[in-house]
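Peer 1: To start, I am sharing the structure in question, which I have written as structure tokens.
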Amino acid sequence: MKIGVLAIQGDFAEHIVMLRHLGVETAEVRLPAHLDGLDGLIIPGGESTTIGKLSVDFGLLEPLRAFGKTHAMWGTCAGAIFLSKDARRNQPLLGIMDITVERNAFGRQVDSFEADLAIPELGEGNPYHAIFIRAPIIESVQADASVMVSLPDGRIVAARQGKLLATSFHPELTRDARFHEYFLTLAR
Ligand code: GLN
């Protein structure tokens, strides 16, 4: 099992630490050729406009779209925005997940927050501590995408579409490896 992490901007190093902790081989992806031989790819949190623009500059947009058609791909926060079909702004997106997102939906940096969420896919009875940093919400899911996690008020913060996964929050910033383990089951 070898998982790549898009390493052009954002907190890719934290994802790599988590994957290594799980005994998975990792690769930093900066160029299309770095996708060769990977079983899955994580797009980290950061700044989705920057990730998008640099992906255009490095010729990554089409190779990433093609990779996502046949492989597991997971975007956290900015990465989730980058996977979406619609971010309600003009910025480069992969557009491979049938979700509409609203960027910075909870407000500014100071409005970052943490919440304990029940996520059945990660096991019953043990809430998942989710960290939100200038996070987007997933306004709606369409077509083949489905809601995976919502806040108590109903706002959607994780969605899945086959092997594609989008989370508003940052599992790589916790010590809880369950979300990464879940992604590995999609990549397998
Ligand atoms: N606010 C960022 C964006 O819109 C995402 C923040 C994050 O990834 N923590 O791209």
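Naming works like this for the structure tokens: A, B, ... for the chains as they're shown, residue 1 at the start of each chain, ligands 1 onward in shown order.
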May I have the residues within 8 Å of stretch 33-48 of chain A as number ranges by chain, using only C-alpha atoms and disregarding those fewer than 3 positions away in the same chain?

Peer 2: A: 1-7, 9-12, 15, 27-30, 51-52, 67, 71-82, 170, 187-188

Peer 1: Those same residues, written as a short mmCIF file (atom, residue, chain, number, x, y, z; two decimals), in the first residue's frame with N, CA, C and O atoms?

Peer 2:
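Result file follows (result.cif):
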```
data_model
loop_
_atom_site.label_atom_id
_atom_site.label_comp_id
_atom_site.auth_asym_id
_atom_site.auth_seq_id
_atom_site.Cartn_x
_atom_site.Cartn_y
_atom_site.Cartn_z
N MET A 1 0.85 -1.21 0.00
CA MET A 1 0.00 0.00 0.00
C MET A 1 0.88 1.24 0.00
O MET A 1 1.74 1.41 0.86
N LYS A 2 0.67 2.11 -0.98
CA LYS A 2 1.45 3.35 -1.05
C LYS A 2 0.49 4.52 -1.28
O LYS A 2 -0.28 4.51 -2.25
N ILE A 3 0.53 5.48 -0.39
CA ILE A 3 -0.39 6.62 -0.46
C ILE A 3 0.42 7.90 -0.69
O ILE A 3 1.40 8.17 0.03
N GLY A 4 0.00 8.68 -1.67
CA GLY A 4 0.64 9.97 -1.92
C GLY A 4 -0.09 11.10 -1.21
O GLY A 4 -1.27 10.99 -0.88
N VAL A 5 0.64 12.16 -0.95
CA VAL A 5 0.03 13.37 -0.40
C VAL A 5 0.45 14.53 -1.30
O VAL A 5 1.66 14.71 -1.55
N LEU A 6 -0.53 15.27 -1.80
CA LEU A 6 -0.22 16.42 -2.63
C LEU A 6 0.57 17.43 -1.78
O LEU A 6 0.09 17.89 -0.74
N ALA A 7 1.78 17.74 -2.22
CA ALA A 7 2.72 18.45 -1.34
C ALA A 7 3.17 19.78 -1.94
O ALA A 7 4.36 20.12 -1.90
N GLN A 9 1.36 22.77 -1.21
CA GLN A 9 1.02 23.81 -0.23
C GLN A 9 0.18 23.16 0.86
O GLN A 9 -0.48 22.14 0.62
N GLY A 10 0.23 23.73 2.07
CA GLY A 10 -0.64 23.25 3.14
C GLY A 10 0.03 22.24 4.06
O GLY A 10 1.24 22.06 4.01
N ASP A 11 -0.80 21.58 4.89
CA ASP A 11 -0.22 20.75 5.95
C ASP A 11 -0.06 19.29 5.53
O ASP A 11 -0.49 18.36 6.20
N PHE A 12 0.66 19.10 4.40
CA PHE A 12 0.90 17.73 3.89
C PHE A 12 1.78 16.92 4.84
O PHE A 12 1.62 15.71 4.97
N HIS A 15 -0.13 14.84 7.38
CA HIS A 15 -0.73 13.62 6.81
C HIS A 15 0.32 12.52 6.68
O HIS A 15 0.04 11.34 6.94
N ALA A 27 4.37 9.02 -0.35
CA ALA A 27 5.12 9.77 -1.37
C ALA A 27 4.58 11.19 -1.40
O ALA A 27 3.38 11.42 -1.30
N GLU A 28 5.48 12.16 -1.53
CA GLU A 28 5.06 13.56 -1.72
C GLU A 28 4.84 13.78 -3.21
O GLU A 28 5.71 13.48 -4.02
N VAL A 29 3.66 14.28 -3.55
CA VAL A 29 3.31 14.46 -4.96
C VAL A 29 3.41 15.94 -5.33
O VAL A 29 2.71 16.78 -4.75
N ARG A 30 4.30 16.25 -6.26
CA ARG A 30 4.45 17.63 -6.76
C ARG A 30 4.34 17.71 -8.27
O ARG A 30 4.13 18.78 -8.82
N ILE A 51 -3.51 26.08 -3.81
CA ILE A 51 -3.37 24.70 -4.28
C ILE A 51 -3.84 24.60 -5.73
O ILE A 51 -3.21 23.96 -6.57
N GLY A 52 -4.94 25.27 -6.05
CA GLY A 52 -5.47 25.25 -7.41
C GLY A 52 -4.53 25.89 -8.42
O GLY A 52 -4.22 25.32 -9.46
N PHE A 67 -6.53 10.43 -12.14
CA PHE A 67 -6.22 9.57 -10.98
C PHE A 67 -7.46 9.34 -10.13
O PHE A 67 -7.75 8.22 -9.70
N HIS A 71 -8.93 5.87 -8.52
CA HIS A 71 -8.26 5.65 -7.24
C HIS A 71 -8.99 6.39 -6.11
O HIS A 71 -9.77 7.30 -6.34
N ALA A 72 -8.63 5.99 -4.90
CA ALA A 72 -9.14 6.69 -3.72
C ALA A 72 -8.46 8.05 -3.60
O ALA A 72 -7.26 8.19 -3.83
N MET A 73 -9.27 9.05 -3.28
CA MET A 73 -8.73 10.39 -3.09
C MET A 73 -9.50 11.04 -1.95
O MET A 73 -10.72 10.93 -1.87
N TRP A 74 -8.77 11.74 -1.09
CA TRP A 74 -9.37 12.36 0.10
C TRP A 74 -8.87 13.79 0.23
O TRP A 74 -7.66 14.01 0.25
N GLY A 75 -9.78 14.72 0.30
CA GLY A 75 -9.43 16.12 0.52
C GLY A 75 -9.86 16.58 1.90
O GLY A 75 -11.02 16.39 2.29
N THR A 76 -8.92 17.16 2.66
CA THR A 76 -9.26 17.72 3.97
C THR A 76 -9.29 19.24 3.85
O THR A 76 -8.32 19.85 3.41
N CYS A 77 -10.41 19.83 4.21
CA CYS A 77 -10.58 21.29 4.25
C CYS A 77 -10.30 21.91 2.87
O CYS A 77 -11.10 21.71 1.96
N ALA A 78 -9.20 22.61 2.68
CA ALA A 78 -8.92 23.17 1.36
C ALA A 78 -8.93 22.07 0.30
O ALA A 78 -9.36 22.28 -0.84
N GLY A 79 -8.46 20.88 0.68
CA GLY A 79 -8.46 19.75 -0.24
C GLY A 79 -9.88 19.34 -0.64
O GLY A 79 -10.13 18.96 -1.79
N ALA A 80 -10.82 19.44 0.30
CA ALA A 80 -12.22 19.13 0.00
C ALA A 80 -12.79 20.15 -1.00
O ALA A 80 -13.53 19.80 -1.92
N ILE A 81 -12.41 21.41 -0.81
CA ILE A 81 -12.84 22.47 -1.74
C ILE A 81 -12.31 22.16 -3.14
O ILE A 81 -13.03 22.24 -4.14
N PHE A 82 -11.05 21.76 -3.20
CA PHE A 82 -10.39 21.49 -4.48
C PHE A 82 -11.04 20.31 -5.21
O PHE A 82 -11.12 20.29 -6.44
N HIS A 170 -9.92 18.48 9.96
CA HIS A 170 -8.50 18.11 9.79
C HIS A 170 -8.09 16.90 10.64
O HIS A 170 -7.45 17.06 11.67
N ALA A 187 -8.84 2.82 -0.23
CA ALA A 187 -7.73 2.70 -1.18
C ALA A 187 -7.39 1.25 -1.50
O ALA A 187 -6.81 0.95 -2.53
N ARG A 188 -7.79 0.35 -0.60
CA ARG A 188 -7.38 -1.04 -0.71
C ARG A 188 -8.08 -1.75 -1.86
O ARG A 188 -9.19 -1.43 -2.20
#
```

Peer 1: Apply DSSP to the backbone of this structure and, from stretch 5-187 of chain A, keep only the residues in helix (DSSP H, G or I); write these as a PyMOL selection string.

Peer 2: chain A and resi 12-21+32-35+48-57+61-70+78-83+109-111+120-122+171-173+178-187

Peer 1: How would the residues just chosen look if you wrote them out with C-alpha atoms as a PDB file, in the first residue's frame?

Peer 2:
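Contents of again_11.pdb, as written:
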```pdb
ATOM      1  CA  PHE A  12       0.896  17.735   3.893  1.00  0.00           C
ATOM      2  CA  ALA A  13       3.654  16.860   6.413  1.00  0.00           C
ATOM      3  CA  GLU A  14       1.066  16.063   9.118  1.00  0.00           C
ATOM      4  CA  HIS A  15      -0.731  13.619   6.814  1.00  0.00           C
ATOM      5  CA  ILE A  16       2.565  11.893   6.049  1.00  0.00           C
ATOM      6  CA  VAL A  17       3.343  11.514   9.768  1.00  0.00           C
ATOM      7  CA  MET A  18      -0.084   9.924  10.333  1.00  0.00           C
ATOM      8  CA  LEU A  19       0.289   7.529   7.394  1.00  0.00           C
ATOM      9  CA  ARG A  20       3.775   6.452   8.493  1.00  0.00           C
ATOM     10  CA  HIS A  21       2.423   5.861  11.983  1.00  0.00           C
ATOM     11  CA  PRO A  32       2.264  14.207 -12.486  1.00  0.00           C
ATOM     12  CA  ALA A  33       4.912  11.463 -12.570  1.00  0.00           C
ATOM     13  CA  HIS A  34       4.771  11.222  -8.777  1.00  0.00           C
ATOM     14  CA  LEU A  35       1.279   9.656  -9.074  1.00  0.00           C
ATOM     15  CA  SER A  48      -7.544  26.116  -1.923  1.00  0.00           C
ATOM     16  CA  THR A  49      -6.848  29.031  -4.289  1.00  0.00           C
ATOM     17  CA  THR A  50      -3.095  28.478  -3.922  1.00  0.00           C
ATOM     18  CA  ILE A  51      -3.370  24.700  -4.280  1.00  0.00           C
ATOM     19  CA  GLY A  52      -5.474  25.246  -7.414  1.00  0.00           C
ATOM     20  CA  LYS A  53      -3.178  27.798  -9.025  1.00  0.00           C
ATOM     21  CA  LEU A  54      -0.027  25.770  -8.341  1.00  0.00           C
ATOM     22  CA  SER A  55      -1.718  22.633  -9.695  1.00  0.00           C
ATOM     23  CA  VAL A  56      -2.347  24.517 -12.935  1.00  0.00           C
ATOM     24  CA  ASP A  57       1.279  25.705 -13.037  1.00  0.00           C
ATOM     25  CA  LEU A  61      -5.062  19.323 -12.971  1.00  0.00           C
ATOM     26  CA  GLU A  62      -5.766  16.693 -15.647  1.00  0.00           C
ATOM     27  CA  PRO A  63      -3.504  13.992 -14.142  1.00  0.00           C
ATOM     28  CA  LEU A  64      -5.213  14.456 -10.763  1.00  0.00           C
ATOM     29  CA  ARG A  65      -8.678  14.243 -12.368  1.00  0.00           C
ATOM     30  CA  ALA A  66      -7.699  11.050 -14.169  1.00  0.00           C
ATOM     31  CA  PHE A  67      -6.216   9.571 -10.983  1.00  0.00           C
ATOM     32  CA  GLY A  68      -9.409  10.321  -9.058  1.00  0.00           C
ATOM     33  CA  LYS A  69     -11.524   8.407 -11.593  1.00  0.00           C
ATOM     34  CA  THR A  70      -9.838   5.129 -10.663  1.00  0.00           C
ATOM     35  CA  ALA A  78      -8.919  23.174   1.355  1.00  0.00           C
ATOM     36  CA  GLY A  79      -8.464  19.745  -0.244  1.00  0.00           C
ATOM     37  CA  ALA A  80     -12.225  19.131  -0.005  1.00  0.00           C
ATOM     38  CA  ILE A  81     -12.843  22.469  -1.738  1.00  0.00           C
ATOM     39  CA  PHE A  82     -10.387  21.495  -4.480  1.00  0.00           C
ATOM     40  CA  LEU A  83     -12.230  18.186  -5.086  1.00  0.00           C
ATOM     41  CA  GLN A 109      -9.437  32.247  11.766  1.00  0.00           C
ATOM     42  CA  VAL A 110     -10.675  33.247  15.250  1.00  0.00           C
ATOM     43  CA  ASP A 111     -13.903  31.365  14.613  1.00  0.00           C
ATOM     44  CA  PRO A 120     -20.723   5.406  12.468  1.00  0.00           C
ATOM     45  CA  GLU A 121     -18.064   4.440   9.879  1.00  0.00           C
ATOM     46  CA  LEU A 122     -15.390   4.911  12.567  1.00  0.00           C
ATOM     47  CA  PRO A 171      -7.963  14.494  10.983  1.00  0.00           C
ATOM     48  CA  GLU A 172      -4.227  14.962  10.364  1.00  0.00           C
ATOM     49  CA  LEU A 173      -4.065  17.431  13.273  1.00  0.00           C
ATOM     50  CA  ARG A 178      -9.328   6.291  12.646  1.00  0.00           C
ATOM     51  CA  PHE A 179     -10.108   8.570   9.695  1.00  0.00           C
ATOM     52  CA  HIS A 180      -6.842   7.722   7.973  1.00  0.00           C
ATOM     53  CA  GLU A 181      -7.515   4.028   8.608  1.00  0.00           C
ATOM     54  CA  TYR A 182     -10.950   4.458   7.044  1.00  0.00           C
ATOM     55  CA  PHE A 183      -9.361   6.077   3.973  1.00  0.00           C
ATOM     56  CA  LEU A 184      -6.979   3.126   3.663  1.00  0.00           C
ATOM     57  CA  THR A 185      -9.980   0.797   3.413  1.00  0.00           C
ATOM     58  CA  LEU A 186     -11.185   2.869   0.419  1.00  0.00           C
ATOM     59  CA  ALA A 187      -7.730   2.705  -1.185  1.00  0.00           C
TER      60      ALA A 187
END
```

Peer 1: Would you please work out which residue, of A:Ile131, A:Gly23, A:Asn126, A:Phe58, is nearest to ligand 1 when using only C-alpha atoms and all ligand atoms?

Peer 2: A:Ile131

Peer 1: Determine which residues of stretch 7-185 of chain A DSSP labels as strand (DSSP E) from the backbone of this structure, then write them out as a VMD selection string.

Peer 2: chain A and resid 25 to 29 40 to 43 72 to 76 84 to 86 97 to 102 113 to 117 128 to 132 137 to 141 146 to 150 156 to 161 164 to 167

Peer 1: Find, counting only C-alpha atoms and all ligand atoms, the residue in A:Leu22, A:Ile137, A:Leu60, A:Ile99 that gets nearest to ligand 1.

Peer 2: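 Selected residue with least distance to ligand 1: A:Ile137.
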
Peer 1: Go ahead and compute the interatomic distance for atom CA of A:His129 and atom CA of A:Gly95, in Å to one decimal.

Peer 2: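 It comes out at 28.1 Å.
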
Peer 1: Would you mind telling me which residue in A:Asp86, A:Glu102, A:Glu139, A:Glu25 lies nearest to ligand 1 when using only C-alpha atoms and all ligand atoms?

Peer 2: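 Smallest separation from ligand 1 among the options: A:Glu102.
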
Peer 1: Choose the residue, out of A:Leu164, A:Gly123, A:Phe132, A:Asp116, that has the smallest atom-to-atom separation from A:Pro152; count only C-alpha atoms.

Peer 2: A:Asp116

Peer 1: So that I can see what lies close to A:Val147, please list as a PDB file with all heavy atoms, in the first residue's frame the residues with an atom at most 8 Å from it, counting only C-alpha atoms and leaving out residues fewer than 3 positions away in the same chain.

Peer 2:
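Written out: selection-v3.pdb:
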```pdb
ATOM      1  N   VAL A 141     -24.929  17.910  -1.430  1.00  0.00           N
ATOM      2  CA  VAL A 141     -24.346  16.798  -2.189  1.00  0.00           C
ATOM      3  C   VAL A 141     -25.321  16.462  -3.314  1.00  0.00           C
ATOM      4  O   VAL A 141     -26.534  16.561  -3.133  1.00  0.00           O
ATOM      5  CB  VAL A 141     -24.089  15.558  -1.302  1.00  0.00           C
ATOM      6  CG1 VAL A 141     -23.147  15.882  -0.164  1.00  0.00           C
ATOM      7  CG2 VAL A 141     -25.385  14.985  -0.749  1.00  0.00           C
ATOM      8  N   SER A 150     -22.549  15.100   9.604  1.00  0.00           N
ATOM      9  CA  SER A 150     -23.144  16.433   9.753  1.00  0.00           C
ATOM     10  C   SER A 150     -22.922  16.914  11.177  1.00  0.00           C
ATOM     11  O   SER A 150     -22.771  16.103  12.099  1.00  0.00           O
ATOM     12  CB  SER A 150     -24.653  16.403   9.506  1.00  0.00           C
ATOM     13  OG  SER A 150     -24.935  15.875   8.243  1.00  0.00           O
ATOM     14  N   ILE A 156     -23.430  19.959   6.702  1.00  0.00           N
ATOM     15  CA  ILE A 156     -22.655  18.784   6.256  1.00  0.00           C
ATOM     16  C   ILE A 156     -21.164  19.103   6.316  1.00  0.00           C
ATOM     17  O   ILE A 156     -20.715  20.128   5.797  1.00  0.00           O
ATOM     18  CB  ILE A 156     -23.037  18.406   4.809  1.00  0.00           C
ATOM     19  CG1 ILE A 156     -24.550  18.189   4.686  1.00  0.00           C
ATOM     20  CG2 ILE A 156     -22.265  17.170   4.340  1.00  0.00           C
ATOM     21  CD1 ILE A 156     -25.043  18.185   3.239  1.00  0.00           C
ATOM     22  N   ALA A 158     -18.731  16.220   6.027  1.00  0.00           N
ATOM     23  CA  ALA A 158     -17.985  15.181   5.328  1.00  0.00           C
ATOM     24  C   ALA A 158     -18.911  14.500   4.336  1.00  0.00           C
ATOM     25  O   ALA A 158     -20.097  14.316   4.607  1.00  0.00           O
ATOM     26  CB  ALA A 158     -17.395  14.155   6.298  1.00  0.00           C
ATOM     27  N   ALA A 159     -18.355  14.153   3.183  1.00  0.00           N
ATOM     28  CA  ALA A 159     -19.132  13.485   2.140  1.00  0.00           C
ATOM     29  C   ALA A 159     -18.259  12.434   1.478  1.00  0.00           C
ATOM     30  O   ALA A 159     -17.032  12.521   1.501  1.00  0.00           O
ATOM     31  CB  ALA A 159     -19.618  14.487   1.096  1.00  0.00           C
ATOM     32  N   ARG A 160     -18.946  11.449   0.884  1.00  0.00           N
ATOM     33  CA  ARG A 160     -18.220  10.384   0.198  1.00  0.00           C
ATOM     34  C   ARG A 160     -18.888  10.112  -1.147  1.00  0.00           C
ATOM     35  O   ARG A 160     -20.103  10.280  -1.284  1.00  0.00           O
ATOM     36  CB  ARG A 160     -18.249   9.110   1.034  1.00  0.00           C
ATOM     37  CG  ARG A 160     -17.393   8.008   0.459  1.00  0.00           C
ATOM     38  CD  ARG A 160     -17.116   6.970   1.521  1.00  0.00           C
ATOM     39  NE  ARG A 160     -18.131   5.924   1.533  1.00  0.00           N
ATOM     40  CZ  ARG A 160     -18.093   4.846   0.736  1.00  0.00           C
ATOM     41  NH1 ARG A 160     -17.128   4.674  -0.131  1.00  0.00           N
ATOM     42  NH2 ARG A 160     -19.040   3.935   0.825  1.00  0.00           N
TER      43      ARG A 160
END
```

Peer 1: Quick one: pull the distance between atom CA of A:Ile96 and atom CA of A:Ser140, Å, one decimal.

Peer 2: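 Going from atom CA of A:Ile96 over to atom CA of A:Ser140, I get 14.5 Å.
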
Peer 1: Nearest residue to ligand 1 out of A:Ala118, A:Val101, A:Leu151, A:Ile8, using only C-alpha atoms and all ligand atoms?

Peer 2: A:Val101
